[in-house]
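*Asks:* See protein.cif below, with mmCIF, C-alpha atoms.
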data_work
loop_
_atom_site.label_atom_id
_atom_site.label_comp_id
_atom_site.auth_asym_id
_atom_site.auth_seq_id
_atom_site.Cartn_x
_atom_site.Cartn_y
_atom_site.Cartn_z
CA MET A 1 4.85 55.50 -30.76
CA ARG A 2 7.93 54.42 -28.84
CA LYS A 3 5.82 53.60 -25.77
CA LEU A 4 3.54 51.49 -27.91
CA VAL A 5 6.50 49.51 -29.26
CA VAL A 6 7.84 48.94 -25.73
CA ARG A 7 4.43 47.74 -24.54
CA SER A 8 4.20 45.37 -27.49
CA LEU A 9 7.64 43.94 -26.79
CA VAL A 10 6.79 43.41 -23.10
CA ALA A 11 3.53 41.70 -24.00
CA ALA A 12 5.28 39.48 -26.52
CA ALA A 13 7.92 38.51 -23.95
CA ALA A 14 5.24 37.69 -21.39
CA LEU A 15 3.36 35.59 -23.91
CA ALA A 16 6.53 33.74 -24.86
CA ALA A 17 7.33 33.08 -21.19
CA THR A 18 3.83 31.77 -20.62
CA GLY A 19 4.13 29.48 -23.63
CA PHE A 20 7.50 28.20 -22.40
CA ALA A 21 6.09 27.49 -18.93
CA ALA A 22 3.19 25.60 -20.42
CA ALA A 23 5.46 23.54 -22.66
CA GLN A 24 8.22 22.73 -20.18
CA THR A 25 8.83 19.18 -19.00
CA VAL A 26 8.25 18.40 -15.32
CA THR A 27 10.09 15.45 -13.78
CA LEU A 28 8.57 13.97 -10.64
CA LYS A 29 10.79 12.35 -8.01
CA VAL A 30 9.02 9.10 -7.04
CA HIS A 31 10.35 7.24 -3.98
CA HIS A 32 9.60 3.79 -2.50
CA PHE A 33 11.16 1.13 -0.29
CA LEU A 34 11.31 -1.94 -2.55
CA GLY A 35 13.89 -2.93 -5.15
CA PRO A 36 14.16 -1.98 -8.84
CA LEU A 37 12.96 -5.40 -9.98
CA SER A 38 9.84 -5.38 -7.79
CA THR A 39 6.34 -5.28 -9.24
CA GLN A 40 5.84 -2.01 -7.41
CA HIS A 41 8.76 -0.40 -9.25
CA THR A 42 8.22 -1.82 -12.73
CA ALA A 43 4.52 -2.46 -13.28
CA MET A 44 2.77 -0.33 -10.68
CA LEU A 45 4.71 2.92 -10.36
CA GLY A 46 6.30 2.34 -13.75
CA GLY A 47 2.88 1.83 -15.35
CA TRP A 48 1.55 4.97 -13.70
CA CYS A 49 4.50 7.01 -14.92
CA THR A 50 4.04 5.67 -18.45
CA ALA A 51 0.41 6.81 -18.37
CA LEU A 52 1.44 10.29 -17.19
CA ALA A 53 3.93 10.62 -20.02
CA LYS A 54 1.42 9.45 -22.61
CA ASP A 55 -1.38 11.73 -21.43
CA SER A 56 0.91 14.77 -21.18
CA ASN A 57 2.72 14.31 -24.51
CA ASN A 58 5.84 13.51 -22.48
CA ARG A 59 5.70 16.75 -20.51
CA LEU A 60 5.25 14.82 -17.25
CA GLN A 61 8.15 12.47 -16.59
CA CYS A 62 9.20 10.40 -13.58
CA GLN A 63 12.48 9.52 -11.96
CA ILE A 64 11.68 6.54 -9.76
CA TYR A 65 14.02 5.98 -6.82
CA PRO A 66 13.74 2.43 -5.39
CA ALA A 67 15.04 0.98 -2.12
CA MET A 68 15.05 4.30 -0.23
CA GLN A 69 17.67 5.80 -2.55
CA LEU A 70 16.69 9.32 -1.51
CA GLY A 71 17.53 8.42 2.08
CA GLY A 72 15.51 7.85 5.21
CA THR A 73 13.57 4.80 6.30
CA PRO A 74 10.22 3.37 5.09
CA PRO A 75 8.28 4.90 8.02
CA GLN A 76 9.51 8.34 6.90
CA LEU A 77 8.16 8.10 3.35
CA TYR A 78 4.81 9.77 3.99
CA ASP A 79 6.55 12.79 5.53
CA GLN A 80 9.00 12.87 2.62
CA ALA A 81 6.03 13.47 0.33
CA LYS A 82 4.51 15.98 2.74
CA ASP A 83 7.77 17.91 3.15
CA GLY A 84 8.93 17.75 -0.48
CA VAL A 85 11.93 15.44 -0.12
CA ALA A 86 10.14 13.46 -2.83
CA ASP A 87 7.29 14.54 -5.08
CA VAL A 88 5.43 11.22 -4.88
CA VAL A 89 5.92 8.19 -2.64
CA TRP A 90 4.49 4.71 -2.37
CA THR A 91 4.30 3.53 1.22
CA VAL A 92 2.43 1.48 3.81
CA ALA A 93 0.02 3.72 5.69
CA GLY A 94 0.57 1.72 8.88
CA TYR A 95 4.32 2.30 8.90
CA SER A 96 3.35 5.59 10.55
CA ALA A 97 1.96 3.67 13.52
CA GLY A 98 -1.30 5.06 14.87
CA ARG A 99 -1.23 8.10 12.57
CA PHE A 100 -4.04 6.97 10.26
CA PRO A 101 -6.23 4.77 12.47
CA MET A 102 -9.43 5.16 10.47
CA ILE A 103 -8.09 3.63 7.24
CA GLU A 104 -6.85 0.66 9.32
CA VAL A 105 -10.37 -0.74 9.09
CA PHE A 106 -9.27 -2.49 5.88
CA GLU A 107 -6.48 -4.27 7.76
CA LEU A 108 -8.88 -5.97 10.16
CA PRO A 109 -8.91 -9.78 9.93
CA PHE A 110 -11.04 -11.33 7.19
CA MET A 111 -12.16 -8.01 5.68
CA MET A 112 -10.74 -8.35 2.18
CA THR A 113 -12.39 -10.26 -0.64
CA ASN A 114 -9.96 -9.40 -3.44
CA ALA A 115 -7.40 -6.64 -3.87
CA GLU A 116 -9.09 -4.80 -6.74
CA ALA A 117 -12.49 -4.56 -5.07
CA THR A 118 -11.03 -3.75 -1.67
CA SER A 119 -8.79 -1.06 -3.17
CA ARG A 120 -11.80 0.62 -4.76
CA ALA A 121 -13.56 0.44 -1.41
CA ALA A 122 -10.50 1.81 0.42
CA TRP A 123 -10.35 4.82 -1.92
CA ASP A 124 -14.03 5.61 -1.47
CA PHE A 125 -13.77 5.21 2.29
CA TYR A 126 -10.73 7.48 2.38
CA GLU A 127 -12.50 10.16 0.34
CA GLN A 128 -15.72 9.98 2.35
CA HIS A 129 -14.34 9.48 5.86
CA ALA A 130 -10.58 9.06 6.36
CA LYS A 131 -9.36 12.09 4.41
CA VAL A 132 -9.49 14.07 7.64
CA GLU A 133 -6.53 12.01 8.85
CA THR A 134 -4.17 13.43 6.23
CA LYS A 135 -5.34 16.97 7.07
CA ASP A 136 -4.87 18.31 3.54
CA GLU A 137 -1.11 17.76 4.02
CA VAL A 138 -0.71 15.99 0.69
CA LYS A 139 -2.46 15.39 -2.61
CA MET A 140 -3.51 11.75 -2.20
CA LEU A 141 -3.28 9.89 -5.50
CA ALA A 142 -4.29 6.36 -4.47
CA VAL A 143 -5.19 4.14 -1.53
CA HIS A 144 -4.92 0.42 -2.17
CA VAL A 145 -4.26 -3.03 -0.67
CA HIS A 146 -2.32 -6.15 -1.61
CA GLY A 147 -3.49 -9.72 -2.24
CA PRO A 148 -4.11 -12.31 0.49
CA GLY A 149 -1.36 -12.52 3.08
CA ASN A 150 0.25 -15.85 3.99
CA ILE A 151 2.21 -17.12 6.98
CA TYR A 152 5.78 -18.31 6.37
CA THR A 153 7.70 -20.15 9.09
CA ARG A 154 11.25 -21.44 9.45
CA GLU A 155 10.98 -24.58 11.56
CA LYS A 156 7.34 -25.41 12.21
CA PRO A 157 4.35 -25.66 9.83
CA ILE A 158 1.09 -23.87 10.61
CA ALA A 159 -1.96 -26.06 10.13
CA LYS A 160 -4.15 -25.03 13.04
CA LEU A 161 -4.50 -22.16 15.49
CA GLU A 162 -2.50 -23.87 18.22
CA ASP A 163 0.56 -24.11 15.96
CA MET A 164 1.13 -20.36 16.25
CA LYS A 165 1.53 -20.34 20.02
CA GLY A 166 4.75 -18.62 21.03
CA LEU A 167 6.12 -18.17 17.50
CA LYS A 168 7.77 -14.82 16.85
CA LEU A 169 5.96 -13.68 13.71
CA ARG A 170 6.60 -10.46 11.83
CA GLY A 171 3.62 -8.24 11.14
CA PRO A 172 3.62 -5.06 9.02
CA THR A 173 1.21 -2.82 10.95
CA ARG A 174 -0.34 -2.52 14.37
CA GLN A 175 -3.72 -4.09 13.50
CA ILE A 176 -1.99 -7.10 11.99
CA THR A 177 0.40 -7.49 14.90
CA LYS A 178 -2.60 -7.32 17.24
CA MET A 179 -4.24 -10.07 15.17
CA LEU A 180 -1.16 -12.28 15.44
CA GLY A 181 -1.11 -11.77 19.20
CA MET A 182 -4.76 -12.80 19.49
CA MET A 183 -3.92 -15.97 17.56
CA GLY A 184 -1.24 -16.95 20.09
CA ALA A 185 1.90 -15.72 18.32
CA THR A 186 4.44 -13.27 19.67
CA PRO A 187 4.09 -10.39 17.17
CA VAL A 188 7.13 -8.46 15.97
CA GLY A 189 6.41 -5.33 13.96
CA MET A 190 8.83 -4.33 11.20
CA PRO A 191 8.85 -2.92 7.66
CA VAL A 192 9.10 -5.56 4.95
CA PRO A 193 12.70 -4.72 3.87
CA ALA A 194 13.88 -5.87 7.32
CA VAL A 195 12.36 -9.34 6.99
CA THR A 196 15.27 -10.97 5.15
CA GLU A 197 17.84 -10.17 7.80
CA ALA A 198 15.44 -10.92 10.66
CA LEU A 199 14.72 -14.39 9.25
CA SER A 200 18.35 -15.16 8.44
CA LYS A 201 19.50 -14.21 11.95
CA GLY A 202 16.65 -16.01 13.70
CA VAL A 203 15.25 -12.79 15.18
CA ILE A 204 11.82 -13.99 14.03
CA ASP A 205 10.42 -17.49 13.48
CA GLY A 206 8.32 -16.41 10.53
CA ALA A 207 6.46 -13.61 8.83
CA VAL A 208 3.16 -12.70 7.23
CA ILE A 209 3.58 -11.36 3.66
CA PRO A 210 1.77 -11.82 0.33
CA TYR A 211 3.33 -14.08 -2.29
CA GLU A 212 4.24 -11.29 -4.70
CA VAL A 213 6.95 -9.72 -2.58
CA ALA A 214 8.22 -12.80 -0.74
CA PRO A 215 10.68 -14.23 -3.32
CA GLY A 216 12.42 -10.88 -3.64
CA LEU A 217 13.03 -11.03 0.12
CA LYS A 218 14.35 -14.63 -0.20
CA VAL A 219 11.55 -15.85 2.06
CA ASN A 220 11.29 -19.06 0.00
CA GLU A 221 14.96 -19.72 0.82
CA LEU A 222 14.84 -18.69 4.47
CA THR A 223 11.66 -20.54 5.49
CA LYS A 224 10.45 -24.10 5.00
CA PHE A 225 6.70 -23.80 5.43
CA THR A 226 3.92 -21.67 3.93
CA ALA A 227 0.37 -21.51 5.28
CA GLU A 228 -2.04 -19.99 2.79
CA THR A 229 -5.74 -19.56 3.46
CA ASP A 230 -8.54 -21.02 1.37
CA ARG A 231 -9.00 -18.43 -1.35
CA ASN A 232 -12.77 -18.95 -1.35
CA HIS A 233 -12.80 -17.34 2.09
CA GLU A 234 -12.07 -13.71 2.93
CA ALA A 235 -8.33 -13.11 3.28
CA LEU A 236 -6.65 -13.47 6.65
CA TYR A 237 -5.41 -9.91 6.31
CA THR A 238 -4.18 -7.26 3.90
CA THR A 239 -2.19 -4.04 4.21
CA VAL A 240 -3.19 -0.50 3.20
CA PHE A 241 -0.85 1.51 0.97
CA PHE A 242 -0.82 5.26 0.30
CA VAL A 243 0.45 7.11 -2.77
CA PRO A 244 0.68 10.73 -1.60
CA MET A 245 2.02 13.62 -3.69
CA ASN A 246 3.63 16.75 -2.34
CA LYS A 247 0.88 19.35 -2.32
CA ALA A 248 3.10 22.28 -3.28
CA LYS A 249 4.43 20.33 -6.26
CA TYR A 250 0.92 19.58 -7.45
CA ASP A 251 -0.15 23.19 -6.93
CA SER A 252 2.86 24.41 -8.96
CA LEU A 253 1.80 22.52 -12.08
CA PRO A 254 0.00 24.30 -14.93
CA PRO A 255 -3.71 23.44 -15.20
CA ASP A 256 -3.29 20.97 -18.06
CA LEU A 257 -0.69 18.93 -16.15
CA LYS A 258 -2.83 19.02 -13.01
CA ALA A 259 -5.57 17.53 -15.17
CA VAL A 260 -3.25 14.71 -16.22
CA ILE A 261 -2.47 13.94 -12.57
CA ASP A 262 -6.17 14.06 -11.71
CA LYS A 263 -7.01 11.71 -14.57
CA ASN A 264 -4.43 9.22 -13.34
CA SER A 265 -5.36 9.19 -9.68
CA GLY A 266 -8.26 8.22 -7.45
CA ARG A 267 -10.42 5.12 -7.50
CA GLU A 268 -9.20 3.76 -10.83
CA LEU A 269 -5.52 4.17 -9.98
CA SER A 270 -6.20 2.53 -6.62
CA ALA A 271 -7.90 -0.40 -8.35
CA PHE A 272 -5.07 -0.69 -10.89
CA LEU A 273 -2.42 -0.77 -8.18
CA GLY A 274 -4.30 -3.32 -6.08
CA LYS A 275 -5.07 -5.55 -9.04
CA THR A 276 -1.52 -5.37 -10.42
CA GLN A 277 0.08 -6.13 -7.07
CA ALA A 278 -2.26 -9.07 -6.46
CA ALA A 279 -1.63 -10.42 -9.99
CA ALA A 280 2.03 -10.86 -9.02
CA ASP A 281 0.97 -13.38 -6.35
CA ALA A 282 0.68 -16.18 -8.93
CA PRO A 283 4.29 -16.05 -10.20
CA GLY A 284 5.43 -15.54 -6.61
CA ARG A 285 3.64 -18.70 -5.53
CA GLU A 286 5.19 -20.60 -8.43
CA LYS A 287 8.63 -19.83 -7.04
CA PHE A 288 7.58 -21.19 -3.66
CA ALA A 289 6.09 -24.31 -5.22
CA ALA A 290 9.33 -24.84 -7.18
CA THR A 291 11.47 -24.67 -4.03
CA PRO A 292 12.23 -28.32 -3.07
CA THR A 293 12.48 -27.57 0.64
CA MET A 294 9.14 -25.71 0.82
CA LEU A 295 5.87 -27.23 2.06
CA ILE A 296 2.72 -25.27 1.21
CA THR A 297 -0.35 -25.95 3.34
CA GLN A 298 -3.82 -24.54 2.71
CA ILE A 299 -5.85 -23.66 5.78
CA PRO A 300 -9.43 -24.91 5.22
CA VAL A 301 -12.54 -22.83 5.86
CA ASP A 302 -13.50 -24.73 9.02
CA GLU A 303 -10.16 -23.89 10.61
CA LEU A 304 -10.37 -20.29 9.38
CA LYS A 305 -13.67 -19.96 11.23
CA ARG A 306 -11.75 -20.73 14.44
CA TRP A 307 -9.20 -18.05 13.54
CA ARG A 308 -11.97 -15.61 12.85
CA ALA A 309 -13.65 -16.32 16.17
CA VAL A 310 -10.53 -15.47 18.18
CA THR A 311 -9.86 -12.27 16.24
CA ASP A 312 -13.40 -10.87 16.02
CA GLN A 313 -12.69 -8.78 19.10
CA LEU A 314 -10.31 -6.68 17.03
CA ASP A 315 -13.25 -5.35 15.00
CA ASP A 316 -14.98 -4.28 18.19
CA GLU A 317 -11.81 -2.64 19.51
CA TRP A 318 -11.33 -0.67 16.31
CA ALA A 319 -14.97 0.50 16.34
CA ALA A 320 -14.71 1.48 20.00
CA ASP A 321 -11.52 3.46 19.29
CA MET A 322 -13.25 5.32 16.48
CA THR A 323 -16.18 6.14 18.75
CA LYS A 324 -13.77 7.53 21.36
CA ARG A 325 -12.35 9.76 18.65
CA GLY A 326 -15.78 11.24 18.00
CA HIS A 327 -17.00 9.02 15.15
CA ASP A 328 -19.67 6.34 14.93
CA GLY A 329 -17.30 3.36 14.94
CA LYS A 330 -19.88 0.68 14.25
CA ALA A 331 -21.31 2.67 11.34
CA LEU A 332 -17.82 3.17 9.86
CA LEU A 333 -17.10 -0.56 10.13
CA ALA A 334 -20.38 -1.35 8.42
CA LYS A 335 -19.61 1.23 5.72
CA ALA A 336 -16.22 -0.31 4.95
CA ARG A 337 -17.73 -3.78 4.69
CA GLY A 338 -20.54 -2.46 2.53
CA LEU A 339 -18.13 -0.80 0.11
CA ILE A 340 -16.11 -3.99 -0.25
CA LYS A 341 -19.30 -5.94 -0.92
CA GLN A 342 -20.43 -3.32 -3.45
CA TYR A 343 -17.26 -3.68 -5.53
CA THR A 344 -16.77 -7.43 -5.18
CA LYS A 345 -17.94 -9.28 -8.29
#
Now, as a test, write the supplied structure out as structure tokens.

*Replies:*
Amino acid sequence: MRKLVVRSLVAAAALAATGFAAAQTVTLKVHHFLGPLSTQHTAMLGGWCTALAKDSNNRLQCQIYPAMQLGGTPPQLYDQAKDGVADVVWTVAGYSAGRFPMIEVFELPFMMTNAEATSRAAWDFYEQHAKVETKDEVKMLAVHVHGPGNIYTREKPIAKLEDMKGLKLRGPTRQITKMLGMMGATPVGMPVPAVTEALSKGVIDGAVIPYEVAPGLKVNELTKFTAETDRNHEALYTTVFFVPMNKAKYDSLPPDLKAVIDKNSGRELSAFLGKTQAAADAPGREKFAATPTMLITQIPVDELKRWRAVTDQLDDEWAADMTKRGHDGKALLAKARGLIKQYTK
């Protein structure tokens, strides 16, 4: 009888412990490189965290750390997620230069139609082809892009291809810096948080950035000219972003919380992030238009065709690089374009 009572007590304790584990709150450390007022912090990561809390009855919470508050530099963010310094990060894939060359296909010139469609395409392409590049190191939650990039310059407006000759222009990733070089500029690669200081000190003559992030970097105060492309044409460029989660953290979650993460990740999260980031372009542009010293020029389609002609080689170089790595580069390029077309409405 005594043994039976002991067994019952042990079973009850185990059941209680299991119930406690299932009911406990998990707080995810989310890290990124932009400020606390940025769209990425408030609407994008903030919106995702709100959805997690709602779908988990507040058992999944987030503590979002902006502006590299957990330490390190933007290029180290991916490894922070991989190594568990943070549970989730938002970062530019290309800040880890050359580490994820396959997903760079979406950064080739004139690939993107709009951020939502291209983000859906980028997720599908990652799942079908580029997942091998992350080697099961992380639980990838989203792959997305930003809206059309523009060219901002301090002293000289850009109206035609020849205007870029010799200008030191910041680019975010290696494909985009290659593009700038093909167009006659002197490319300078750097993460976006470094742009403000580089412009103010004259280290660079200008930068390529989308409208949404530019006011927060004081680009409208530090430059005088903006060259935006005709929005009826494919964008000059975009940048690929990753949202990786620490794999051990994901694996440690109970099944119901894993299901919440799964529900709020993938193609639809990628589309949400791309669409939300691109939606912030309009208020960003308004700030540029309201700056008395700023001249905004739109590059017409005929001129963009010239830009496209001098950068087409970059597509071939990317495809050739993929082929050297054991893939069918031309087929992958065609697949990426086909996915963008499929999702573009």

*Asks:* Listing only residues of segment 117-194 of chain A within 12 Å of segment 321-337 of chain A, what is the closest atom pair and its distance in Å (to one decimal) for each, using only C-alpha atoms, sorted by chain and residue number ascending, as JSON lines?

*Replies:*
{"residue": "A:Ala117", "atom": "CA", "partner": "A:Arg337", "partner_atom": "CA", "distance": 11.1}
{"residue": "A:Thr118", "atom": "CA", "partner": "A:Ala336", "partner_atom": "CA", "distance": 9.1}
{"residue": "A:Ser119", "atom": "CA", "partner": "A:Ala336", "partner_atom": "CA", "distance": 11.0}
{"residue": "A:Arg120", "atom": "CA", "partner": "A:Ala336", "partner_atom": "CA", "distance": 10.7}
{"residue": "A:Ala121", "atom": "CA", "partner": "A:Ala336", "partner_atom": "CA", "distance": 6.9}
{"residue": "A:Ala122", "atom": "CA", "partner": "A:Ala336", "partner_atom": "CA", "distance": 7.6}
{"residue": "A:Trp123", "atom": "CA", "partner": "A:Ala336", "partner_atom": "CA", "distance": 10.4}
{"residue": "A:Asp124", "atom": "CA", "partner": "A:Ala336", "partner_atom": "CA", "distance": 9.0}
{"residue": "A:Phe125", "atom": "CA", "partner": "A:Ala336", "partner_atom": "CA", "distance": 6.6}
{"residue": "A:Tyr126", "atom": "CA", "partner": "A:Ala336", "partner_atom": "CA", "distance": 9.9}
{"residue": "A:Gln128", "atom": "CA", "partner": "A:Lys335", "partner_atom": "CA", "distance": 10.2}
{"residue": "A:His129", "atom": "CA", "partner": "A:Leu332", "partner_atom": "CA", "distance": 8.2}
{"residue": "A:Ala130", "atom": "CA", "partner": "A:Leu332", "partner_atom": "CA", "distance": 10.0}
{"residue": "A:Val132", "atom": "CA", "partner": "A:His327", "partner_atom": "CA", "distance": 11.8}
{"residue": "A:Glu133", "atom": "CA", "partner": "A:Arg325", "partner_atom": "CA", "distance": 11.6}

*Asks:* Can you work out which one of A:Asn232, A:Gln277, A:Asn220, A:Thr73 has the shortest atom-to-atom distance to Thr113 of chain A, counting all atoms listed in the file?

*Replies:*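 Nearest to Thr113 of chain A: A:Asn232.
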
*Asks:* Provide the atom CA of Ala280 of chain A to atom CA of Met112 of chain A distance in Å, to one decimal place.

*Replies:*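 Computing it gives 17.2 Å between the two atoms.
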
*Asks:* Starting from the shown file, work through the PyMOL selection byres ((chain A and resi 98) around 12) and note down what comes out as a PyMOL selection string.

*Replies:* chain A and resi 75+93-97+99-104+133+173-175+318+321

*Asks:* Let me see the file: selected residues, C-alpha atoms, as a PDB file, in the coordinates of the input.

*Replies:*
ATOM      1  CA  PRO A  75       8.280   4.900   8.020  1.00  0.00           C
ATOM      2  CA  ALA A  93       0.020   3.720   5.690  1.00  0.00           C
ATOM      3  CA  GLY A  94       0.570   1.720   8.880  1.00  0.00           C
ATOM      4  CA  TYR A  95       4.320   2.300   8.900  1.00  0.00           C
ATOM      5  CA  SER A  96       3.350   5.590  10.550  1.00  0.00           C
ATOM      6  CA  ALA A  97       1.960   3.670  13.520  1.00  0.00           C
ATOM      7  CA  ARG A  99      -1.230   8.100  12.570  1.00  0.00           C
ATOM      8  CA  PHE A 100      -4.040   6.970  10.260  1.00  0.00           C
ATOM      9  CA  PRO A 101      -6.230   4.770  12.470  1.00  0.00           C
ATOM     10  CA  MET A 102      -9.430   5.160  10.470  1.00  0.00           C
ATOM     11  CA  ILE A 103      -8.090   3.630   7.240  1.00  0.00           C
ATOM     12  CA  GLU A 104      -6.850   0.660   9.320  1.00  0.00           C
ATOM     13  CA  GLU A 133      -6.530  12.010   8.850  1.00  0.00           C
ATOM     14  CA  THR A 173       1.210  -2.820  10.950  1.00  0.00           C
ATOM     15  CA  ARG A 174      -0.340  -2.520  14.370  1.00  0.00           C
ATOM     16  CA  GLN A 175      -3.720  -4.090  13.500  1.00  0.00           C
ATOM     17  CA  TRP A 318     -11.330  -0.670  16.310  1.00  0.00           C
ATOM     18  CA  ASP A 321     -11.520   3.460  19.290  1.00  0.00           C
TER      19      ASP A 321
END

*Asks:* Could you spell out the hits of the PyMOL selection byres ((chain A and resi 147) around 9) on the shown file, as an NGL selection string?

*Replies:* :A and (112 or 114-116 or 145-146 or 148-149 or 210-212 or 235 or 237-239 or 274-275 or 277-281)

*Asks:* List the residues selected by the PyMOL selection byres ((chain A and resi 309-311) around 7) in the file shown, writing them as a ChimeraX atom specification.

*Replies:* /A:109,179,182-183,305-308,312-314

*Asks:* Rebuild segment 306-317 of chain A to N, CA and C atoms - output it as a PDB file, in the coordinates of the input, please.

*Replies:*
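Full text of selection30.pdb as output:
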ATOM      1  N   ARG A 306     -12.329 -20.786  13.079  1.00  0.00           N
ATOM      2  CA  ARG A 306     -11.750 -20.730  14.440  1.00  0.00           C
ATOM      3  C   ARG A 306     -10.862 -19.495  14.566  1.00  0.00           C
ATOM      4  N   TRP A 307     -10.078 -19.217  13.520  1.00  0.00           N
ATOM      5  CA  TRP A 307      -9.200 -18.050  13.540  1.00  0.00           C
ATOM      6  C   TRP A 307     -10.025 -16.781  13.614  1.00  0.00           C
ATOM      7  N   ARG A 308     -11.111 -16.798  12.874  1.00  0.00           N
ATOM      8  CA  ARG A 308     -11.970 -15.610  12.850  1.00  0.00           C
ATOM      9  C   ARG A 308     -12.605 -15.371  14.215  1.00  0.00           C
ATOM     10  N   ALA A 309     -12.994 -16.437  14.871  1.00  0.00           N
ATOM     11  CA  ALA A 309     -13.650 -16.320  16.170  1.00  0.00           C
ATOM     12  C   ALA A 309     -12.739 -15.675  17.213  1.00  0.00           C
ATOM     13  N   VAL A 310     -11.436 -16.014  17.163  1.00  0.00           N
ATOM     14  CA  VAL A 310     -10.530 -15.470  18.180  1.00  0.00           C
ATOM     15  C   VAL A 310     -10.047 -14.069  17.840  1.00  0.00           C
ATOM     16  N   THR A 311     -10.300 -13.614  16.625  1.00  0.00           N
ATOM     17  CA  THR A 311      -9.860 -12.270  16.240  1.00  0.00           C
ATOM     18  C   THR A 311     -11.011 -11.286  16.043  1.00  0.00           C
ATOM     19  N   ASP A 312     -12.241 -11.753  16.196  1.00  0.00           N
ATOM     20  CA  ASP A 312     -13.400 -10.870  16.020  1.00  0.00           C
ATOM     21  C   ASP A 312     -13.363  -9.663  16.955  1.00  0.00           C
ATOM     22  N   GLN A 313     -12.761  -9.853  18.118  1.00  0.00           N
ATOM     23  CA  GLN A 313     -12.690  -8.780  19.100  1.00  0.00           C
ATOM     24  C   GLN A 313     -11.959  -7.551  18.543  1.00  0.00           C
ATOM     25  N   LEU A 314     -11.068  -7.790  17.599  1.00  0.00           N
ATOM     26  CA  LEU A 314     -10.310  -6.680  17.030  1.00  0.00           C
ATOM     27  C   LEU A 314     -11.220  -5.704  16.297  1.00  0.00           C
ATOM     28  N   ASP A 315     -12.260  -6.220  15.639  1.00  0.00           N
ATOM     29  CA  ASP A 315     -13.250  -5.350  15.000  1.00  0.00           C
ATOM     30  C   ASP A 315     -13.913  -4.444  16.019  1.00  0.00           C
ATOM     31  N   ASP A 316     -14.309  -5.040  17.139  1.00  0.00           N
ATOM     32  CA  ASP A 316     -14.980  -4.280  18.190  1.00  0.00           C
ATOM     33  C   ASP A 316     -14.054  -3.215  18.781  1.00  0.00           C
ATOM     34  N   GLU A 317     -12.780  -3.588  18.948  1.00  0.00           N
ATOM     35  CA  GLU A 317     -11.810  -2.640  19.510  1.00  0.00           C
ATOM     36  C   GLU A 317     -11.594  -1.466  18.566  1.00  0.00           C
TER      37      GLU A 317
END
